[in-house]
Amino acid sequence: MGRMGDATELLERDAERAELSRLLESARSGEGRIALVYGEAGIGKTALVTELARLHARDVRLFWGACDPLSTPRPLAPLLDIAWTQGGGQLAGRIAAGASREAIFQAFFEELRSPKPPAIVVIEDLHWADEATLDLVKFLGRRAQRTTALLVLTWREDGMRADHPLRASIGELPRRKRPQQNRERSRCRVGRWPLRSPPVHRSGLERRARMPRYLVERSFPQGLVIPIDASGEKFCLSVVESNGADGVTWVHSYVSDDRRRSFCVCDAPSPEAIRRTAARNKLPVDRITQVRVLDPYFYR
Ligand SMILES: Nc1ncnc2c1ncn2[C@@H]1O[C@H](COP(=O)(O)OP(=O)(O)OP(=O)(O)O)[C@@H](O)[C@H]1O
Ligand SMILES: [Mg+2]
């Protein structure tokens, strides 16, 4: 059942893998959990979740559904995926009979309460979710603790607007509280995995794994103009290519509203390598600072 990828070795994901497995053990012992896995496109969300499913394939039930990038999304697409791959059962029966949304959700919830074996429920790519799927997330989120399931939700964080409806749905999930504040609530854990570091390509991962990350500050007194057309694309790609000669990877940049300052995040072997590529690309450099991720969600 579900999509199982090849057993490729995942780099730099030991901590995430171990933590997710730990949450699954809580689910196995009767306290369901929720894991949020999000990050930019291609950062390795699917690969991480596939790996989790593969590691536990022998002794879990896997339910895997995904949202699609359709202009008119299919209502409840992930749950339909799950029902089809399950091949029968109460869930599929209620869907086929045109039961109410609540009755369908309830059937799935009952399925996840069955004590053995525990379940991994993956709902992927929620940035494309339709309204009914977001309702499902809220419904399961509120009841997850009473199941023997690990509910894994994935989405692309880049480019998601502040008012995207997924944000409200995620915001309504039970929060993690400190044990001394509230013992009951503390047991309803939502783990967050904002995937950041490794990029898409395996070779890139190996190279980046050893490389520090830098914030490069630049000034453009006349304002930085990169047109959003073929010439802009050509410029950006030529910078990327030229960086490659010095082992520098341009991760992404921020630009001030007046476009006179930019802040570029780069992985590089050294500050000198960044200065060399900047000279080649005719880009100014004010300051280079070695940095690390400090994520507010780690403190939740
Ligand atoms: N930790 C890793 N080690 C090695 N390869 C990885 C790792 N993470 C991802 N990859 C590889 O990078 C590619 C993209 O990963 P994946 O499809 O999981 O990204 P994603 O975050 O799900 O992307 P999307 O937002 O498009 O769904 C895949 O070929 C995958 O095998
Ligand atoms: Mg994916």
# chains A, B, ... in the order shown; residues from 1 in each chain; ligands from 1
>>> select_by_dssp(residues="region 85-277 of chain A", states="alpha helix (DSSP H)", output="ChimeraX atom specification")
/A:85-86,89-96,101-113,131-143,165-171,183-186,202-209,230-244,271-277
>>> residues_around(residues="Phe139 (chain A)", least_positions_apart="3", cutoff="12 Å", atoms="only C-alpha atoms", output="PyMOL selection string")
chain A and resi 101-109+132-136+142-146+151+169-170+172-174
>>> residues_near_ligand(ligand="ligand 1", cutoff="6 Å", atoms="only C-alpha atoms and all ligand atoms", output="JSON, numbers by chain")
{"A": [10, 11, 12, 13, 41, 42, 43, 44, 45, 46, 47, 156, 200, 201, 202]}
>>> closest_atom_pairs(of="chain A", to="ligand 2", cutoff="12 Å", atoms="only C-alpha atoms and all ligand atoms", output="CSV")
residue,atom,partner,partner_atom_place_in_ligand_line,distance
A:Arg3,CA,ligand 2,1 (Mg),11.6
A:Gly5,CA,ligand 2,1 (Mg),11.4
A:Val37,CA,ligand 2,1 (Mg),10.2
A:Tyr38,CA,ligand 2,1 (Mg),9.5
A:Gly39,CA,ligand 2,1 (Mg),9.9
A:Glu40,CA,ligand 2,1 (Mg),9.7
A:Ala41,CA,ligand 2,1 (Mg),7.3
A:Gly42,CA,ligand 2,1 (Mg),6.7
A:Ile43,CA,ligand 2,1 (Mg),8.3
A:Gly44,CA,ligand 2,1 (Mg),6.8
A:Lys45,CA,ligand 2,1 (Mg),5.4
A:Thr46,CA,ligand 2,1 (Mg),4.1
A:Ala47,CA,ligand 2,1 (Mg),7.2
A:Leu48,CA,ligand 2,1 (Mg),9.3
A:Val49,CA,ligand 2,1 (Mg),9.1
A:Thr50,CA,ligand 2,1 (Mg),9.7
A:Gly65,CA,ligand 2,1 (Mg),11.5
A:Ala66,CA,ligand 2,1 (Mg),9.1
A:Cys67,CA,ligand 2,1 (Mg),10.4
A:Asp68,CA,ligand 2,1 (Mg),10.9
A:Pro69,CA,ligand 2,1 (Mg),12.0
A:Val122,CA,ligand 2,1 (Mg),11.3
A:Ile123,CA,ligand 2,1 (Mg),10.5
A:Glu124,CA,ligand 2,1 (Mg),7.0
A:Asp125,CA,ligand 2,1 (Mg),6.6
A:Leu126,CA,ligand 2,1 (Mg),10.3
A:His127,CA,ligand 2,1 (Mg),11.1
A:Trp128,CA,ligand 2,1 (Mg),11.8
A:Leu153,CA,ligand 2,1 (Mg),11.0
A:Thr154,CA,ligand 2,1 (Mg),7.8
A:Trp155,CA,ligand 2,1 (Mg),7.9
A:Arg156,CA,ligand 2,1 (Mg),8.3
A:Glu157,CA,ligand 2,1 (Mg),11.8
A:Leu195,CA,ligand 2,1 (Mg),11.9
A:Val200,CA,ligand 2,1 (Mg),11.2
>>> closest_residue(among="A:Val121, A:Ala162, A:Val60, A:Ala230", to="Leu150 (chain A)", atoms="only C-alpha atoms")
A:Val121
>>> atom_distance(atom1="CA of Ile226 (chain A)", atom2="CA of Val255 (chain A)")
11.2 Å
>>> atom_distance(atom1="CA of Glu19 (chain A)", atom2="CA of Arg54 (chain A)")
15.3 Å
>>> residues_around(residues="Gly93 (chain A)", least_positions_apart="2", cutoff="12 Å", atoms="only C-alpha atoms", output="list of chain:residue names")
A:Leu80, A:Ala83, A:Trp84, A:Gln86, A:Gly87, A:Gly88, A:Gly89, A:Gln90, A:Leu91, A:Ile95, A:Ala96, A:Ala97, A:Gly98, A:Ala99, A:Ala103, A:Ile104, A:Ala107, A:Phe108
>>> select_by_dssp(residues="region 11-226 of chain A", states="strand (DSSP E or B)", output="PyMOL selection string")
chain A and resi 33-39+61-66+119-124+149-156+190-194+213-219
>>> atom_distance(atom1="CA of Glu111 (chain A)", atom2="CA of Lys138 (chain A)")
17.0 Å
>>> residues_around(residues="Arg113 (chain A)", least_positions_apart="2", cutoff="6 Å", atoms="only C-alpha atoms", output="ChimeraX atom specification")
/A:110-111,115,147-148
>>> closest_residue(among="A:Arg17, A:Arg94, A:His252, A:Arg33", to="Cys236 (chain A)", atoms="only C-alpha atoms")
A:His252
>>> closest_residue(among="A:Ala77, A:Leu55, A:Glu31, A:Ala268", to="Ala18 (chain A)", atoms="only C-alpha atoms")
A:Leu55
>>> closest_residue(among="A:Asp246, A:Val216, A:Gln290, A:Pro227", to="Ser262 (chain A)", atoms="only C-alpha atoms")
A:Val216
